[in-house]
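**Student:** My file is start09.txt. It has compact mmCIF, C-alpha atoms:
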```txt
# COMPACT_ATOMS: atom_id res chain seq x y z
CA MET A 1 73.23 89.43 69.22
CA ASN A 2 73.86 93.18 69.15
CA VAL A 3 70.11 93.80 69.31
CA VAL A 4 69.80 91.54 72.36
CA ALA A 5 72.74 93.26 74.09
CA SER A 6 71.26 96.67 73.28
CA ASP A 7 67.87 95.68 74.71
CA GLU A 8 69.55 94.35 77.88
CA ASN A 9 71.52 97.59 78.32
CA ASP A 10 68.32 99.62 77.88
CA ILE A 11 66.61 97.53 80.56
CA VAL A 12 69.54 97.98 82.94
CA ASP A 13 69.67 101.74 82.28
CA SER A 14 65.94 101.92 83.05
CA LEU A 15 66.52 100.00 86.27
CA TYR A 16 69.28 102.39 87.34
CA ALA A 17 67.00 105.34 86.63
CA PHE A 18 64.30 103.68 88.73
CA LEU A 19 66.78 103.07 91.56
CA ALA A 20 67.80 106.74 91.44
CA ALA A 21 64.13 107.68 91.88
CA VAL A 22 63.88 105.24 94.80
CA ASP A 23 66.93 106.88 96.41
CA GLU A 24 65.32 110.30 96.02
CA ALA A 25 62.08 109.06 97.56
CA GLU A 26 64.00 107.51 100.45
CA ARG A 27 65.84 110.78 101.12
CA ALA A 28 62.45 112.52 101.19
CA GLY A 29 61.31 110.16 103.95
CA CYS A 30 58.82 108.19 101.86
CA PHE A 31 59.90 104.84 103.32
CA ALA A 32 60.06 103.56 106.87
CA SER A 33 63.49 103.92 108.44
CA THR A 34 65.49 100.66 108.32
CA ASP A 35 69.14 99.58 108.45
CA THR A 36 69.02 98.62 104.76
CA GLN A 37 68.46 100.92 101.80
CA ALA A 38 65.36 100.35 99.67
CA ARG A 39 67.53 99.93 96.57
CA ASP A 40 69.31 96.99 98.21
CA HIS A 41 66.01 95.18 98.78
CA ILE A 42 65.10 95.70 95.13
CA LEU A 43 68.47 94.61 93.75
CA GLN A 44 68.48 91.43 95.83
CA ASN A 45 65.24 90.35 94.15
CA VAL A 46 66.20 91.01 90.52
CA PRO A 47 66.50 87.67 88.63
CA THR A 48 70.04 87.32 87.26
CA ARG A 49 72.48 84.71 85.99
CA PRO A 50 74.77 83.06 88.57
CA SER A 51 77.71 85.06 87.23
CA ASP A 52 75.86 88.34 87.96
CA SER A 53 75.73 88.01 91.77
CA LEU A 54 77.67 91.26 92.19
CA PHE A 55 74.78 93.12 90.57
CA ASN A 56 72.30 91.76 93.12
CA ALA A 57 74.58 92.45 96.07
CA TYR A 58 76.18 95.75 95.06
CA GLY A 59 74.46 97.01 91.89
CA TYR A 60 77.74 96.45 90.04
CA ARG A 61 78.08 95.94 86.29
CA ILE A 62 81.42 96.08 84.48
CA GLU A 63 80.11 98.63 81.94
CA ARG A 64 79.80 101.15 84.75
CA SER A 65 83.04 99.98 86.35
CA GLY A 66 82.31 101.48 89.74
CA VAL A 67 81.80 99.68 93.06
CA ASN A 68 79.54 101.04 95.80
CA LEU A 69 81.35 100.17 99.00
CA LYS A 70 79.68 98.45 101.93
CA PRO A 71 80.89 97.47 105.40
CA ASP A 72 83.17 94.43 105.54
CA LEU A 73 84.61 95.02 102.07
CA ARG A 74 88.35 95.54 101.80
CA LEU A 75 90.47 97.65 99.46
CA LYS A 76 93.83 96.30 98.31
CA VAL A 77 96.35 98.76 96.87
CA GLU A 78 99.36 97.25 95.08
CA ARG A 79 102.09 99.53 93.78
CA ALA A 80 104.97 98.43 91.54
CA TYR A 81 108.41 100.09 91.65
CA PHE A 82 111.02 100.55 88.95
CA SER A 83 114.55 101.92 88.94
CA ALA A 84 113.91 104.07 85.87
CA SER A 85 111.00 105.79 84.13
CA GLU A 86 110.85 102.91 81.65
CA LYS A 87 108.57 100.21 83.08
CA SER A 88 110.33 97.00 82.09
CA ASP A 89 111.36 93.70 83.70
CA LYS A 90 115.00 94.74 83.89
CA ASN A 91 114.07 97.88 85.87
CA TYR A 92 111.59 96.16 88.19
CA LEU A 93 112.39 96.59 91.90
CA GLY A 94 109.40 95.07 93.66
CA VAL A 95 105.87 95.77 94.90
CA SER A 96 104.16 97.19 97.98
CA THR A 97 100.74 96.07 99.25
CA VAL A 98 98.48 97.81 101.74
CA LEU A 99 94.97 96.81 102.85
CA PHE A 100 92.11 99.01 104.07
CA ASP A 101 88.92 97.73 105.68
CA VAL A 102 85.64 99.51 104.93
CA THR A 103 83.95 100.24 108.27
CA THR A 104 81.38 102.62 109.73
CA ASN A 105 81.56 105.06 112.63
CA SER A 106 78.99 105.57 115.39
CA ASP A 107 76.90 107.72 113.01
CA GLY A 108 76.78 105.01 110.36
CA LEU A 109 79.12 106.89 108.02
CA PHE A 110 81.74 105.05 105.99
CA ARG A 111 85.39 105.35 106.92
CA PHE A 112 88.58 103.40 106.21
CA GLN A 113 90.83 101.55 108.60
CA GLN A 114 94.29 100.26 107.73
CA ALA A 115 94.23 96.46 108.10
CA GLN A 116 98.00 95.95 108.24
CA PRO A 117 101.26 97.88 107.76
CA ILE A 118 102.47 98.35 104.21
CA HIS A 119 104.04 95.09 103.07
CA TYR A 120 107.08 95.31 100.80
CA SER A 121 108.46 92.59 98.57
CA PRO A 122 111.40 92.43 98.84
CA ASP A 123 111.71 93.88 102.37
CA SER A 124 114.58 96.13 101.25
CA LEU A 125 112.13 98.12 99.14
CA ALA A 126 110.89 99.82 102.32
CA GLN A 127 114.19 101.72 102.54
CA ILE A 128 113.69 103.50 99.20
CA ASP A 129 109.91 103.77 98.96
CA ARG A 130 108.70 107.32 98.34
CA GLU A 131 105.30 106.47 96.86
CA GLY A 132 103.54 103.76 98.85
CA SER A 133 103.08 105.93 101.94
CA ARG A 134 100.97 108.37 99.95
CA ASP A 135 98.31 105.68 99.61
CA LEU A 136 97.74 106.17 103.35
CA ALA A 137 95.96 109.42 102.41
CA ILE A 138 92.84 107.27 102.29
CA LEU A 139 92.85 107.45 106.10
CA ASP A 140 92.41 111.24 105.91
CA LEU A 141 89.17 111.08 103.91
CA LYS A 142 86.17 112.41 105.80
CA PRO A 143 83.47 109.91 106.80
CA GLN A 144 80.62 109.93 104.28
CA LYS A 145 77.29 108.17 103.83
CA HIS A 146 78.39 106.78 100.46
CA TYR A 147 81.76 105.81 98.99
CA ARG A 148 82.49 104.42 95.56
CA VAL A 149 85.59 103.12 93.77
CA LEU A 150 85.90 104.19 90.13
CA PHE A 151 88.02 102.10 87.81
CA TYR A 152 89.23 104.18 84.88
CA SER A 153 90.61 101.40 82.72
CA HIS A 154 87.33 100.62 80.95
CA GLN A 155 86.43 104.10 79.74
CA VAL A 156 89.45 106.40 79.97
CA PRO A 157 92.39 106.46 77.49
CA THR A 158 95.41 104.43 78.61
CA ASP A 159 97.73 107.43 78.59
CA GLN A 160 96.15 108.62 81.84
CA ASN A 161 98.52 108.39 84.79
CA PHE A 162 95.96 106.97 87.23
CA SER A 163 94.06 103.72 87.46
CA ALA A 164 91.33 104.37 90.02
CA ALA A 165 89.74 106.95 92.28
CA LEU A 166 87.82 106.79 95.53
CA ILE A 167 84.88 109.20 95.76
CA GLY A 168 82.46 109.81 98.62
CA ALA A 169 79.46 111.99 99.43
CA ASP A 170 76.48 112.09 101.75
CA ASP A 171 74.11 112.25 98.76
CA SER A 172 74.15 109.31 96.33
CA ALA A 173 72.65 111.46 93.56
CA ARG A 174 75.51 113.95 93.95
CA LEU A 175 77.94 111.05 93.75
CA ASP A 176 76.29 109.90 90.50
CA GLN A 177 76.60 113.40 89.04
CA PHE A 178 80.25 113.64 89.98
CA GLU A 179 81.01 110.24 88.47
CA GLN A 180 79.24 111.15 85.23
CA ALA A 181 81.30 114.33 84.98
CA MET A 182 84.50 112.36 85.52
CA ARG A 183 83.49 109.80 82.89
CA ALA A 184 82.57 112.43 80.32
CA ASP A 185 85.96 114.19 80.46
CA ALA A 186 88.99 112.02 79.68
CA GLY A 187 91.18 114.70 81.24
CA ALA A 188 89.18 114.96 84.44
CA SER A 189 90.81 114.44 87.81
CA CYS A 190 90.06 115.02 91.46
CA THR A 191 92.03 118.26 91.39
CA SER A 192 90.46 119.55 88.17
CA SER A 193 86.86 118.85 89.16
CA THR A 194 84.73 121.03 91.41
CA HIS A 195 83.70 118.94 94.37
CA ASP A 196 83.24 120.92 97.59
CA ASP A 197 80.72 118.32 98.80
CA VAL A 198 82.53 115.26 97.42
CA GLN A 199 85.60 113.47 98.79
CA CYS A 200 87.94 112.40 95.99
CA LEU A 201 91.24 110.55 96.07
CA GLU A 202 93.12 109.34 92.99
CA PHE A 203 95.61 106.51 92.83
CA ARG A 204 98.37 107.56 90.46
CA GLY A 205 101.45 105.81 89.18
CA PHE A 206 101.98 102.13 88.45
CA VAL A 207 99.29 101.05 90.92
CA THR A 208 96.39 98.60 91.05
CA VAL A 209 93.36 99.08 93.29
CA SER A 210 91.05 96.13 93.85
CA VAL A 211 88.10 95.25 96.07
CA GLN A 212 87.99 92.14 98.23
CA ILE A 213 85.04 90.44 99.92
CA GLN A 214 85.00 88.34 103.08
CA ILE A 215 83.45 84.87 102.87
CA GLU A 216 83.51 81.73 105.02
CA LEU A 217 85.13 78.52 103.81
CA ASN A 218 84.30 75.59 106.11
CA GLY A 219 83.73 78.03 108.96
CA LYS A 220 86.93 80.02 108.48
CA PRO A 221 86.71 83.67 107.33
CA GLN A 222 88.77 84.52 104.27
CA PHE A 223 89.10 87.51 101.96
CA VAL A 224 88.93 86.79 98.23
CA ASP A 225 89.17 89.05 95.21
CA TRP A 226 86.14 90.76 93.72
CA GLY A 227 84.58 88.51 91.06
CA THR A 228 85.79 85.21 92.53
CA ALA A 229 83.47 82.32 91.57
CA VAL A 230 82.69 79.07 93.37
CA LYS A 231 85.11 77.15 91.14
CA GLY A 232 87.92 79.42 92.34
CA VAL A 233 87.70 78.33 96.00
CA VAL A 234 86.16 74.85 96.12
CA PRO A 235 88.39 71.83 95.32
CA LEU A 236 87.16 69.74 92.39
CA LYS A 237 86.88 66.58 94.49
CA SER A 238 84.69 68.35 97.08
CA ARG A 239 82.01 69.78 94.81
CA LYS A 240 79.59 66.86 95.22
CA SER A 241 79.18 67.67 98.94
CA LEU A 242 79.11 71.46 98.46
CA LYS A 243 76.65 73.54 100.48
CA ILE A 244 76.24 77.29 99.97
CA GLN A 245 74.44 79.77 102.21
CA ARG A 246 73.81 83.40 101.30
CA ARG A 247 72.75 86.21 103.63
CA LEU A 248 69.68 88.29 102.85
CA GLY A 249 69.17 90.95 105.49
CA ASP A 250 70.07 89.34 108.80
CA THR A 251 69.16 85.78 107.78
CA TYR A 252 71.13 83.08 105.96
CA TYR A 253 69.39 80.92 103.37
CA ASP A 254 70.52 77.71 101.69
CA LEU A 255 71.05 78.00 97.95
CA THR A 256 69.26 75.16 96.20
CA PHE A 257 70.88 73.89 93.02
CA ASN A 258 71.02 70.80 90.83
CA ARG A 259 74.33 69.09 91.57
CA SER A 260 74.52 67.84 88.01
CA ASP A 261 74.33 71.43 86.70
CA LYS A 262 77.84 72.84 86.40
CA ASN A 263 76.50 76.42 86.22
CA ILE A 264 76.75 76.59 90.01
CA LEU A 265 80.53 76.67 89.56
CA ASP A 266 80.15 80.06 87.84
CA LEU A 267 78.25 81.56 90.77
CA THR A 268 80.06 84.77 91.69
CA LEU A 269 80.58 85.01 95.43
CA VAL A 270 79.45 88.02 97.47
CA GLY A 271 80.30 89.20 100.96
CA ALA A 272 79.27 86.91 103.86
CA ASP A 273 78.68 83.83 101.64
CA ARG A 274 79.21 80.57 103.52
CA LEU A 275 80.57 77.52 101.72
CA THR A 276 81.03 74.11 103.32
CA TRP A 277 82.01 70.72 101.92
```
As structure tokens - that is how I would like this structure written.

**Tutor:**
Amino acid sequence: MNVVASDENDIVDSLYAFLAAVDEAERAGCFASTDTQARDHILQNVPTRPSDSLFNAYGYRIERSGVNLKPDLRLKVERAYFSASEKSDKNYLGVSTVLFDVTTNSDGLFRFQQAQPIHYSPDSLAQIDREGSRDLAILDLKPQKHYRVLFYSHQVPTDQNFSAALIGADDSARLDQFEQAMRADAGASCTSSTHDDVQCLEFRGFVTVSVQIQIELNGKPQFVDWGTAVKGVVPLKSRKSLKIQRRLGDTYYDLTFNRSDKNILDLTLVGADRLTW
């Protein structure tokens, strides 16, 4: 099993290296100008298991633990509060939640827009909050061609005081280099790293940063957490009449599947998926 996993990782590493070369060729003007990056066309046509949809749509694999942001994704920042430095149930005060939509400006550069005011639970927490408002610093980040969320939990020691960072640059190769430098140094941070051409924002404290995607359930738009599968949104009694459409480019296509094969329940949903039953 270890040999198989090693071979799969080698194949994936080779694919990432190939995609980096494709990005470089695209920057050099080797491809016709389109609204979609060449790497996206390639990723969408890589055969994968149903549970690996996020790789096709976003090039995401948990080993790399970084998400390349695209329009219509949403960032959710949840911050827990305690009455003392000891993080325990008896000292727990509540939680704040703030949402940011990933959008683009007139130049096609990524920027962030606050989707709603900070929500506090309980409401009284708003009177003593001195941390949640600093998450609004995301609104001060400069528009960039590429933005990526880095999740530290997979590869950085747990004694670090941050859980995620948001990095952006106009050059995807520069973004890759910056991420590699951050991964290689367990003590690295936005402030300790040289990044004149890279935007970098850390989320410190007892905070969780997650990505959400927007899908349609029986014609109604709804945001769900990153990694949500079909079985997480479709009632058991409705699965026999389930229909799924997925967008490729500007066109929706029906997903064909054997209704007796339960593997469809493990299909990981991606942005703009349409499910009806």

**Student:** Contacts of A:Asp197 at 9 Å or less, counting only C-alpha atoms, minus same-chain residues fewer than 2 places along, as a ChimeraX atom specification?

**Tutor:** /A:168-171,174,194-195,199

**Student:** Using all atoms listed in the file, tabulate the residues of stretch 174-244 of chain A lying at most 10 Å from any atom of stretch 129-133 of chain A, each with its closest atom pair and that distance in Å to one decimal, by chain and increasing residue number, as JSON lines.

**Tutor:**
```
{"residue": "A:Arg204", "atom": "CA", "partner": "A:Glu131", "partner_atom": "CA", "distance": 9.5}
{"residue": "A:Gly205", "atom": "CA", "partner": "A:Glu131", "partner_atom": "CA", "distance": 8.6}
{"residue": "A:Val207", "atom": "CA", "partner": "A:Gly132", "partner_atom": "CA", "distance": 9.4}
```

**Student:** Go through A:Ala38, A:Ala20, A:Leu248, A:Ala164 one by one, measure the shortest atom-to-atom distance of each to A:Glu78 using only C-alpha atoms, and give the residue with the smallest value.

**Tutor:** A:Ala164

**Student:** Just how far from atom CA of A:Asp135 is atom CA of A:His119, in Å to one decimal?

**Tutor:**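 Taking atom CA of A:His119 and atom CA of A:Asp135, their separation equals 12.5 Å.
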
**Student:** Compile a residue-level contact table for stretch 189-224 of chain A against stretch 149-152 of chain A at a cut-off of 9 Å, reporting for every qualifying residue the shortest atom pair and its distance in Å to one decimal, with all atoms listed in the file counted, rows ordered by chain and ascending number, as JSON lines.

**Tutor:**
```
{"residue": "A:Val209", "atom": "CA", "partner": "A:Phe151", "partner_atom": "CA", "distance": 8.2}
{"residue": "A:Ser210", "atom": "CA", "partner": "A:Val149", "partner_atom": "CA", "distance": 8.9}
{"residue": "A:Val211", "atom": "CA", "partner": "A:Val149", "partner_atom": "CA", "distance": 8.6}
```

**Student:** How far is it from atom CA of A:Ile213 to atom CA of A:Lys76, in Å with one decimal?

**Tutor:**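 So the answer is 10.7 Å.
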
**Student:** Report, in Å to a single decimal, how far apart atom CA of A:Cys200 and atom CA of A:Ala188 are.

**Tutor:**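 Distance between the two atoms: 11.9 Å.
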